[in-house]
$ cat work_36.txt   # compact mmCIF, C-alpha atoms
# COMPACT_ATOMS: atom_id res chain seq x y z
CA MET A 520 105.69 56.63 -274.96
CA ALA A 521 102.19 57.69 -273.96
CA LYS A 522 101.82 59.20 -270.51
CA THR A 523 99.79 57.54 -267.77
CA ARG A 524 96.27 59.00 -267.64
CA VAL A 525 95.29 60.22 -264.19
CA SER A 526 91.76 61.13 -263.07
CA VAL A 527 91.25 62.90 -259.75
CA TYR A 528 88.20 62.53 -257.48
CA ILE A 529 88.01 65.12 -254.68
CA ASP A 530 85.77 64.81 -251.65
CA GLY A 531 85.12 68.51 -251.16
CA PHE A 532 83.77 68.44 -247.61
CA ASN A 533 86.47 66.08 -246.42
CA LEU A 534 89.14 68.40 -247.82
CA PHE A 535 87.47 71.52 -246.43
CA HIS A 536 86.84 70.32 -242.88
CA SER A 537 90.15 68.49 -242.43
CA THR A 538 92.56 70.85 -244.17
CA LEU A 539 91.15 74.21 -245.23
CA GLN A 540 88.67 75.38 -242.61
CA HIS A 541 91.05 75.68 -239.65
CA SER A 542 94.61 74.90 -240.73
CA HIS A 543 94.70 76.83 -244.01
CA PRO A 544 91.65 79.12 -244.21
CA ASN A 545 93.45 81.53 -246.54
CA CYS A 546 93.88 78.75 -249.10
CA ARG A 547 90.16 78.14 -249.62
CA TRP A 548 90.33 79.73 -253.11
CA LEU A 549 92.15 76.58 -254.11
CA ASN A 550 92.84 75.65 -257.73
CA LEU A 551 92.11 71.93 -257.64
CA LEU A 552 93.51 71.37 -261.13
CA GLU A 553 96.83 72.93 -260.15
CA LEU A 554 96.88 70.98 -256.88
CA SER A 555 96.26 67.78 -258.82
CA LYS A 556 99.16 68.54 -261.15
CA ARG A 557 101.45 68.91 -258.16
CA LEU A 558 100.53 65.38 -257.03
CA ILE A 559 101.77 63.64 -260.18
CA ASN A 560 105.00 63.24 -262.11
CA PRO A 561 104.49 65.46 -265.19
CA LYS A 562 107.20 63.59 -267.10
CA THR A 563 105.28 60.32 -267.08
CA GLU A 564 101.72 61.27 -266.07
CA GLU A 565 99.00 63.65 -267.21
CA ILE A 566 95.76 64.81 -265.62
CA THR A 567 92.78 63.87 -267.79
CA SER A 568 89.98 65.02 -265.47
CA VAL A 569 89.38 66.49 -262.02
CA PHE A 570 86.04 66.02 -260.23
CA TYR A 571 84.89 68.05 -257.22
CA PHE A 572 82.15 66.46 -255.11
CA SER A 573 80.25 68.67 -252.69
CA ALA A 574 76.85 70.20 -251.83
CA LEU A 575 75.45 73.67 -251.15
CA ALA A 576 74.31 74.55 -247.63
CA THR A 577 71.21 76.32 -248.92
CA TRP A 578 69.83 77.06 -245.42
CA MET A 579 72.85 79.38 -244.95
CA PRO A 580 72.48 81.71 -247.98
CA GLU A 581 75.70 83.71 -247.53
CA ARG A 582 77.83 80.59 -247.13
CA ALA A 583 76.10 78.95 -250.07
CA LYS A 584 76.70 82.07 -252.17
CA LYS A 585 80.45 81.96 -251.52
CA HIS A 586 80.55 78.23 -252.16
CA LEU A 587 78.76 78.67 -255.50
CA LEU A 588 81.25 81.36 -256.49
CA TYR A 589 84.04 78.90 -255.79
CA ILE A 590 82.37 76.19 -257.85
CA LYS A 591 82.03 78.60 -260.78
CA ALA A 592 85.70 79.61 -260.38
CA LEU A 593 86.71 75.94 -260.53
CA ARG A 594 84.78 75.54 -263.76
CA THR A 595 87.01 78.16 -265.39
CA VAL A 596 89.98 75.77 -265.07
CA GLY A 597 88.03 72.71 -266.22
CA VAL A 598 87.19 71.12 -262.86
CA LYS A 599 83.90 69.21 -263.07
CA ASP A 600 81.56 69.62 -260.11
CA VAL A 601 79.17 66.88 -258.99
CA LEU A 602 76.79 68.19 -256.34
CA GLY A 603 74.83 66.24 -253.77
CA LYS A 604 72.47 67.75 -251.21
CA PHE A 605 71.81 68.10 -247.50
CA SER A 606 68.94 66.47 -245.67
CA LEU A 607 67.64 66.78 -242.12
CA ARG A 608 68.42 63.94 -239.75
CA GLU A 609 67.31 63.42 -236.18
CA ARG A 610 70.13 63.06 -233.68
CA LYS A 611 70.29 62.46 -229.93
CA CYS A 612 72.38 64.55 -227.58
CA PRO A 613 74.73 62.25 -225.62
CA MET A 614 74.57 64.59 -222.61
CA CYS A 615 70.89 65.46 -222.17
CA LYS A 616 69.52 62.57 -224.28
CA GLY A 617 67.25 65.03 -226.05
CA CYS A 618 66.60 64.79 -229.79
CA TYR A 619 67.33 67.49 -232.33
CA GLN A 620 67.51 67.85 -236.10
CA ALA A 621 70.75 68.49 -237.96
CA HIS A 622 71.68 68.88 -241.60
CA GLU A 623 73.66 65.98 -243.05
CA GLU A 624 75.36 66.00 -246.43
CA LYS A 625 74.10 63.27 -248.72
CA LYS A 626 75.11 61.58 -251.97
CA THR A 627 78.82 62.50 -252.05
CA ASP A 628 79.98 58.93 -251.40
CA ILE A 629 77.62 57.46 -253.97
CA ASN A 630 78.45 60.18 -256.49
CA ILE A 631 82.16 59.43 -256.13
CA ALA A 632 81.48 55.70 -256.47
CA ILE A 633 79.32 56.07 -259.58
CA THR A 634 81.72 58.45 -261.27
CA LEU A 635 84.83 56.46 -260.39
CA LEU A 636 83.46 53.07 -261.47
CA GLY A 637 81.85 54.56 -264.58
CA ASP A 638 85.16 56.09 -265.65
CA ALA A 639 86.94 52.80 -264.99
CA PHE A 640 84.48 50.84 -267.16
CA ALA A 641 84.84 53.47 -269.91
CA ASP A 642 88.64 53.22 -269.64
CA LYS A 643 89.05 56.95 -269.00
CA PHE A 644 92.06 56.59 -266.71
CA ASP A 645 95.02 54.40 -265.85
CA THR A 646 95.33 55.78 -262.32
CA ALA A 647 92.62 57.19 -260.08
CA LEU A 648 93.61 59.65 -257.36
CA ILE A 649 91.04 59.85 -254.57
CA LEU A 650 91.44 62.86 -252.32
CA SER A 651 89.64 61.85 -249.14
CA GLY A 652 90.11 60.22 -245.77
CA ASP A 653 86.56 58.88 -245.61
CA SER A 654 86.51 55.17 -244.81
CA ASP A 655 83.05 54.90 -246.40
CA LEU A 656 84.82 54.92 -249.77
CA ALA A 657 86.81 51.76 -248.96
CA PRO A 658 84.19 49.39 -250.51
CA VAL A 659 84.38 51.37 -253.76
CA THR A 660 88.14 50.95 -254.00
CA THR A 661 87.78 47.25 -253.19
CA LYS A 662 85.27 46.80 -256.01
CA LEU A 663 87.43 48.76 -258.43
CA LYS A 664 90.36 46.46 -257.73
CA GLN A 665 88.16 43.42 -258.27
CA ILE A 666 86.71 44.46 -261.62
CA CYS A 667 89.64 46.45 -263.03
CA PRO A 668 92.79 45.07 -261.41
CA ALA A 669 95.05 46.84 -263.92
CA LYS A 670 93.84 50.25 -262.76
CA LYS A 671 95.93 51.86 -260.05
CA ILE A 672 94.50 53.69 -257.06
CA GLY A 673 96.27 56.49 -255.22
CA ILE A 674 94.91 57.99 -252.01
CA ILE A 675 95.62 61.64 -251.31
CA VAL A 676 95.33 61.99 -247.54
CA PRO A 677 94.04 65.33 -246.12
CA LYS A 678 95.73 66.86 -243.09
CA GLY A 679 94.93 65.19 -239.77
CA GLN A 680 93.52 61.99 -241.26
CA SER A 681 95.01 58.53 -241.56
CA ALA A 682 92.76 57.11 -244.30
CA MET A 683 93.74 53.69 -242.95
CA HIS A 684 90.91 51.75 -244.61
CA LEU A 685 91.38 53.49 -247.95
CA LYS A 686 95.11 52.81 -247.92
CA GLN A 687 94.48 49.05 -247.66
CA ASN A 688 93.21 48.95 -251.25
CA ALA A 689 95.57 51.57 -252.65
CA ASP A 690 98.67 51.12 -254.76
CA PHE A 691 100.16 54.20 -253.12
CA PHE A 692 99.24 57.21 -251.00
CA LYS A 693 100.46 60.76 -250.51
CA LYS A 694 99.92 63.47 -247.92
CA ILE A 695 98.78 66.95 -248.89
CA GLN A 696 101.59 69.39 -248.15
CA ALA A 697 101.05 72.99 -247.05
CA LYS A 698 103.42 74.21 -249.77
CA ASP A 699 101.27 72.55 -252.43
CA LEU A 700 98.18 74.36 -251.16
CA LYS A 701 99.92 77.74 -251.11
CA LYS A 702 101.22 77.27 -254.65
CA SER A 703 97.87 76.11 -256.04
CA LEU A 704 95.63 79.13 -255.63
CA LEU A 705 93.27 80.59 -258.19
CA PRO A 706 93.73 84.20 -259.29
CA GLU A 707 91.89 86.68 -257.10
CA GLN A 708 89.55 87.40 -260.00
CA VAL A 709 88.43 85.00 -262.73
CA VAL A 710 85.94 85.36 -265.55
CA TYR A 711 83.01 82.94 -265.75
CA ASN A 712 80.39 83.26 -268.50
CA GLY A 713 81.54 86.80 -269.20
CA LYS A 714 81.28 87.93 -265.57
CA ILE A 715 84.09 88.65 -263.12
CA ILE A 716 84.15 86.48 -260.00
CA THR A 717 86.14 87.74 -257.02
CA ALA A 718 87.49 85.59 -254.21
CA PRO A 719 85.63 86.07 -250.89
CA ALA A 720 87.47 87.94 -248.14
CA GLY A 721 89.93 85.75 -246.26
CA TRP A 722 90.02 83.01 -248.90
CA LEU A 723 93.43 84.13 -250.16
CA PRO A 724 96.59 85.02 -248.21
CA TYR A 725 96.68 88.57 -249.57
CA SER A 726 94.14 91.34 -249.03
CA ALA A 727 92.11 93.36 -251.53
CA ASP A 728 88.54 94.48 -252.05
CA ARG A 729 86.69 91.18 -252.01
CA ILE A 730 83.28 89.86 -251.14
CA SER A 731 82.85 89.85 -247.37

$ encode --input "work_36.txt" --output "C-alpha cells"
Amino acid sequence: MAKTRVSVYIDGFNLFHSTLQHSHPNCRWLNLLELSKRLINPKTEEITSVFYFSALATWMPERAKKHLLYIKALRTVGVKDVLGKFSLRERKCPMCKGCYQAHEEKKTDINIAITLLGDAFADKFDTALILSGDSDLAPVTTKLKQICPAKKIGIIVPKGQSAMHLKQNADFFKKIQAKDLKKSLLPEQVVYNGKIITAPAGWLPYSADRIS
C-alpha cells in the first residue's frame, strides 16, 4: 500500500519567535526535514516536501548573514526556502502617542497560501502540515477544505501558542515537543556548493569554534 504523502509548510518567523529565540536558543540550527519526519508516522506516511517561509533582515547585516547561512544549510537537506521581505510601516506609540517607523515582515502569509493551494491543485500531497500559530492563515485552510475536501490539514503548534483559529479547519493538530527539537539538529558543519558552512555560536547545544 502506498504511503500517505505529506508536505510541510513552515512559518519561519512564527517558529523562531515563539519557540527558538527564548525557549530553545541552542536549537536554532534546526534540521526542519528531520523535525518534519518526527511529526509523522513513518510506517504509513512519507515527507514529500518541506517549505521554509521567511525573510532576511537586511538592515541588520550580521543577523542577516547568520540567517542566510541557515537557509543555505537547510538547502543541503532538501528544504525549499521561499523568502518574503521587510517593509517600513508607521506605528503609533500607545504611551506618548508619537509616531515612529518599524520594519514589518511581508509576504510570508501570501507565500504560504500560494504554495499550499498550488500544491493542492497539482495533487502534490495527501496531507499538509502547517507549522504556525498565525491566525491570518485560517482563511487559507478554509479555502483548501472547500476546494479539496479530500486533503487533510494538520496544524503543528509552536510553543506558547494556541492556534485556535487554525485548529478549527484542521483534521488534527500536534504540539512541538522540546525533545523533537533537540533530536532534529543539523551537523555543526555542512557543505553547500562546495563550501563548508559552520553553525553560528550559540545555535547548537555544544561548543566549538563557530561564527560569532

$ closest_residue --input "work_36.txt" --among "A:Thr567, A:Ser681, A:Thr523, A:Asn630" --to "Ser537 of chain A" --atoms "only C-alpha atoms"
A:Ser681

$ residues_around --input "work_36.txt" --residues "Val596 of chain A" --least-positions-apart "5" --cutoff "10 Å" --atoms "only C-alpha atoms" --output "mmCIF file with C-alpha atoms, keeping the file's coordinate frame"
data_model
loop_
_atom_site.group_PDB
_atom_site.id
_atom_site.type_symbol
_atom_site.label_atom_id
_atom_site.label_comp_id
_atom_site.auth_asym_id
_atom_site.auth_seq_id
_atom_site.Cartn_x
_atom_site.Cartn_y
_atom_site.Cartn_z
ATOM 1 C CA ASN A 550 92.840 75.650 -257.730
ATOM 2 C CA LEU A 551 92.110 71.930 -257.640
ATOM 3 C CA LEU A 552 93.510 71.370 -261.130
ATOM 4 C CA GLU A 553 96.830 72.930 -260.150
ATOM 5 C CA VAL A 569 89.380 66.490 -262.020
ATOM 6 C CA LYS A 591 82.030 78.600 -260.780
ATOM 7 C CA LEU A 705 93.270 80.590 -258.190
ATOM 8 C CA VAL A 709 88.430 85.000 -262.730
#

$ atom_distance --input "work_36.txt" --atom1 "atom CA of Ile649 of chain A" --atom2 "atom CA of Trp548 of chain A"
19.9 Å

$ residues_around --input "work_36.txt" --residues "segment 665-675 of chain A" --least-positions-apart "4" --cutoff "6 Å" --atoms "all atoms listed in the file" --output "ChimeraX atom specification"
/A:645-650,689-694

$ residues_around --input "work_36.txt" --residues "Thr563 of chain A" --least-positions-apart "5" --cutoff "10 Å" --atoms "all atoms listed in the file" --output "PyMOL selection string"
chain A and resi 520-524

$ closest_residue --input "work_36.txt" --among "A:Ala641, A:Pro580, A:His684, A:Ala632" --to "Lys662 of chain A" --atoms "all atoms listed in the file"
A:Ala632

$ atom_distance --input "work_36.txt" --atom1 "atom CA of Leu602 of chain A" --atom2 "atom CA of Glu564 of chain A"
27.6 Å

$ residues_around --input "work_36.txt" --residues "Ala576 of chain A" --least-positions-apart "3" --cutoff "8 Å" --atoms "all atoms listed in the file" --output "list in words"
Met579, Pro580, Arg582, Ala583, Lys604 and Phe605 of chain A

$ closest_residue --input "work_36.txt" --among "A:Ala682, A:Ile590, A:Leu723, A:Ile633" --to "Leu700 of chain A" --atoms "only C-alpha atoms"
A:Leu723

$ build_atoms --input "work_36.txt" --residues "segment 658-680 of chain A" --atoms "N, CA, C and O atoms" --output "PDB file, in the coordinates of the input"
ATOM      1  N   PRO A 658      84.820  50.416-249.669  1.00  0.00           N
ATOM      2  CA  PRO A 658      84.190  49.390-250.510  1.00  0.00           C
ATOM      3  C   PRO A 658      84.279  49.691-252.000  1.00  0.00           C
ATOM      4  O   PRO A 658      84.359  48.766-252.821  1.00  0.00           O
ATOM      5  N   VAL A 659      84.285  50.981-252.346  1.00  0.00           N
ATOM      6  CA  VAL A 659      84.380  51.370-253.760  1.00  0.00           C
ATOM      7  C   VAL A 659      85.759  51.003-254.310  1.00  0.00           C
ATOM      8  O   VAL A 659      85.880  50.469-255.419  1.00  0.00           O
ATOM      9  N   THR A 660      86.801  51.285-253.532  1.00  0.00           N
ATOM     10  CA  THR A 660      88.140  50.950-254.000  1.00  0.00           C
ATOM     11  C   THR A 660      88.340  49.441-254.072  1.00  0.00           C
ATOM     12  O   THR A 660      89.038  48.933-254.952  1.00  0.00           O
ATOM     13  N   THR A 661      87.717  48.716-253.145  1.00  0.00           N
ATOM     14  CA  THR A 661      87.780  47.250-253.190  1.00  0.00           C
ATOM     15  C   THR A 661      87.143  46.724-254.466  1.00  0.00           C
ATOM     16  O   THR A 661      87.703  45.857-255.153  1.00  0.00           O
ATOM     17  N   LYS A 662      85.971  47.238-254.795  1.00  0.00           N
ATOM     18  CA  LYS A 662      85.270  46.800-256.010  1.00  0.00           C
ATOM     19  C   LYS A 662      86.045  47.168-257.262  1.00  0.00           C
ATOM     20  O   LYS A 662      86.131  46.364-258.202  1.00  0.00           O
ATOM     21  N   LEU A 663      86.646  48.354-257.264  1.00  0.00           N
ATOM     22  CA  LEU A 663      87.430  48.760-258.430  1.00  0.00           C
ATOM     23  C   LEU A 663      88.588  47.806-258.668  1.00  0.00           C
ATOM     24  O   LEU A 663      88.873  47.418-259.806  1.00  0.00           O
ATOM     25  N   LYS A 664      89.240  47.390-257.598  1.00  0.00           N
ATOM     26  CA  LYS A 664      90.360  46.460-257.730  1.00  0.00           C
ATOM     27  C   LYS A 664      89.894  45.083-258.216  1.00  0.00           C
ATOM     28  O   LYS A 664      90.609  44.388-258.923  1.00  0.00           O
ATOM     29  N   GLN A 665      88.691  44.714-257.852  1.00  0.00           N
ATOM     30  CA  GLN A 665      88.160  43.420-258.270  1.00  0.00           C
ATOM     31  C   GLN A 665      87.819  43.393-259.756  1.00  0.00           C
ATOM     32  O   GLN A 665      88.096  42.419-260.450  1.00  0.00           O
ATOM     33  N   ILE A 666      87.196  44.455-260.238  1.00  0.00           N
ATOM     34  CA  ILE A 666      86.710  44.460-261.620  1.00  0.00           C
ATOM     35  C   ILE A 666      87.715  45.016-262.611  1.00  0.00           C
ATOM     36  O   ILE A 666      87.667  44.674-263.793  1.00  0.00           O
ATOM     37  N   CYS A 667      88.628  45.857-262.138  1.00  0.00           N
ATOM     38  CA  CYS A 667      89.640  46.450-263.030  1.00  0.00           C
ATOM     39  C   CYS A 667      91.002  46.388-262.348  1.00  0.00           C
ATOM     40  O   CYS A 667      91.556  47.423-261.956  1.00  0.00           O
ATOM     41  N   PRO A 668      91.549  45.204-262.177  1.00  0.00           N
ATOM     42  CA  PRO A 668      92.790  45.070-261.410  1.00  0.00           C
ATOM     43  C   PRO A 668      93.985  45.810-262.004  1.00  0.00           C
ATOM     44  O   PRO A 668      94.947  46.094-261.276  1.00  0.00           O
ATOM     45  N   ALA A 669      93.932  46.132-263.297  1.00  0.00           N
ATOM     46  CA  ALA A 669      95.050  46.840-263.920  1.00  0.00           C
ATOM     47  C   ALA A 669      95.057  48.329-263.573  1.00  0.00           C
ATOM     48  O   ALA A 669      96.085  49.001-263.725  1.00  0.00           O
ATOM     49  N   LYS A 670      93.914  48.833-263.133  1.00  0.00           N
ATOM     50  CA  LYS A 670      93.840  50.250-262.760  1.00  0.00           C
ATOM     51  C   LYS A 670      94.514  50.476-261.416  1.00  0.00           C
ATOM     52  O   LYS A 670      94.339  49.694-260.491  1.00  0.00           O
ATOM     53  N   LYS A 671      95.266  51.532-261.308  1.00  0.00           N
ATOM     54  CA  LYS A 671      95.930  51.860-260.050  1.00  0.00           C
ATOM     55  C   LYS A 671      95.104  52.877-259.263  1.00  0.00           C
ATOM     56  O   LYS A 671      94.427  53.717-259.846  1.00  0.00           O
ATOM     57  N   ILE A 672      95.207  52.774-257.954  1.00  0.00           N
ATOM     58  CA  ILE A 672      94.500  53.690-257.060  1.00  0.00           C
ATOM     59  C   ILE A 672      95.511  54.379-256.161  1.00  0.00           C
ATOM     60  O   ILE A 672      96.323  53.730-255.501  1.00  0.00           O
ATOM     61  N   GLY A 673      95.449  55.705-256.143  1.00  0.00           N
ATOM     62  CA  GLY A 673      96.270  56.490-255.220  1.00  0.00           C
ATOM     63  C   GLY A 673      95.370  57.255-254.275  1.00  0.00           C
ATOM     64  O   GLY A 673      94.361  57.814-254.698  1.00  0.00           O
ATOM     65  N   ILE A 674      95.687  57.261-252.998  1.00  0.00           N
ATOM     66  CA  ILE A 674      94.910  57.990-252.010  1.00  0.00           C
ATOM     67  C   ILE A 674      95.682  59.235-251.600  1.00  0.00           C
ATOM     68  O   ILE A 674      96.833  59.156-251.183  1.00  0.00           O
ATOM     69  N   ILE A 675      95.030  60.386-251.739  1.00  0.00           N
ATOM     70  CA  ILE A 675      95.620  61.640-251.310  1.00  0.00           C
ATOM     71  C   ILE A 675      95.008  61.963-249.947  1.00  0.00           C
ATOM     72  O   ILE A 675      93.808  62.216-249.849  1.00  0.00           O
ATOM     73  N   VAL A 676      95.818  61.931-248.915  1.00  0.00           N
ATOM     74  CA  VAL A 676      95.330  61.990-247.540  1.00  0.00           C
ATOM     75  C   VAL A 676      95.306  63.444-247.047  1.00  0.00           C
ATOM     76  O   VAL A 676      96.353  64.097-246.987  1.00  0.00           O
ATOM     77  N   PRO A 677      94.123  63.973-246.686  1.00  0.00           N
ATOM     78  CA  PRO A 677      94.040  65.330-246.120  1.00  0.00           C
ATOM     79  C   PRO A 677      94.724  65.400-244.758  1.00  0.00           C
ATOM     80  O   PRO A 677      94.913  64.393-244.081  1.00  0.00           O
ATOM     81  N   LYS A 678      95.048  66.609-244.362  1.00  0.00           N
ATOM     82  CA  LYS A 678      95.730  66.860-243.090  1.00  0.00           C
ATOM     83  C   LYS A 678      94.907  66.302-241.917  1.00  0.00           C
ATOM     84  O   LYS A 678      93.687  66.450-241.877  1.00  0.00           O
ATOM     85  N   GLY A 679      95.578  65.651-240.984  1.00  0.00           N
ATOM     86  CA  GLY A 679      94.930  65.190-239.770  1.00  0.00           C
ATOM     87  C   GLY A 679      94.162  63.897-239.909  1.00  0.00           C
ATOM     88  O   GLY A 679      93.492  63.469-238.969  1.00  0.00           O
ATOM     89  N   GLN A 680      94.236  63.248-241.068  1.00  0.00           N
ATOM     90  CA  GLN A 680      93.520  61.990-241.260  1.00  0.00           C
ATOM     91  C   GLN A 680      94.504  60.886-241.608  1.00  0.00           C
ATOM     92  O   GLN A 680      95.563  61.128-242.190  1.00  0.00           O
TER      93      GLN A 680
END
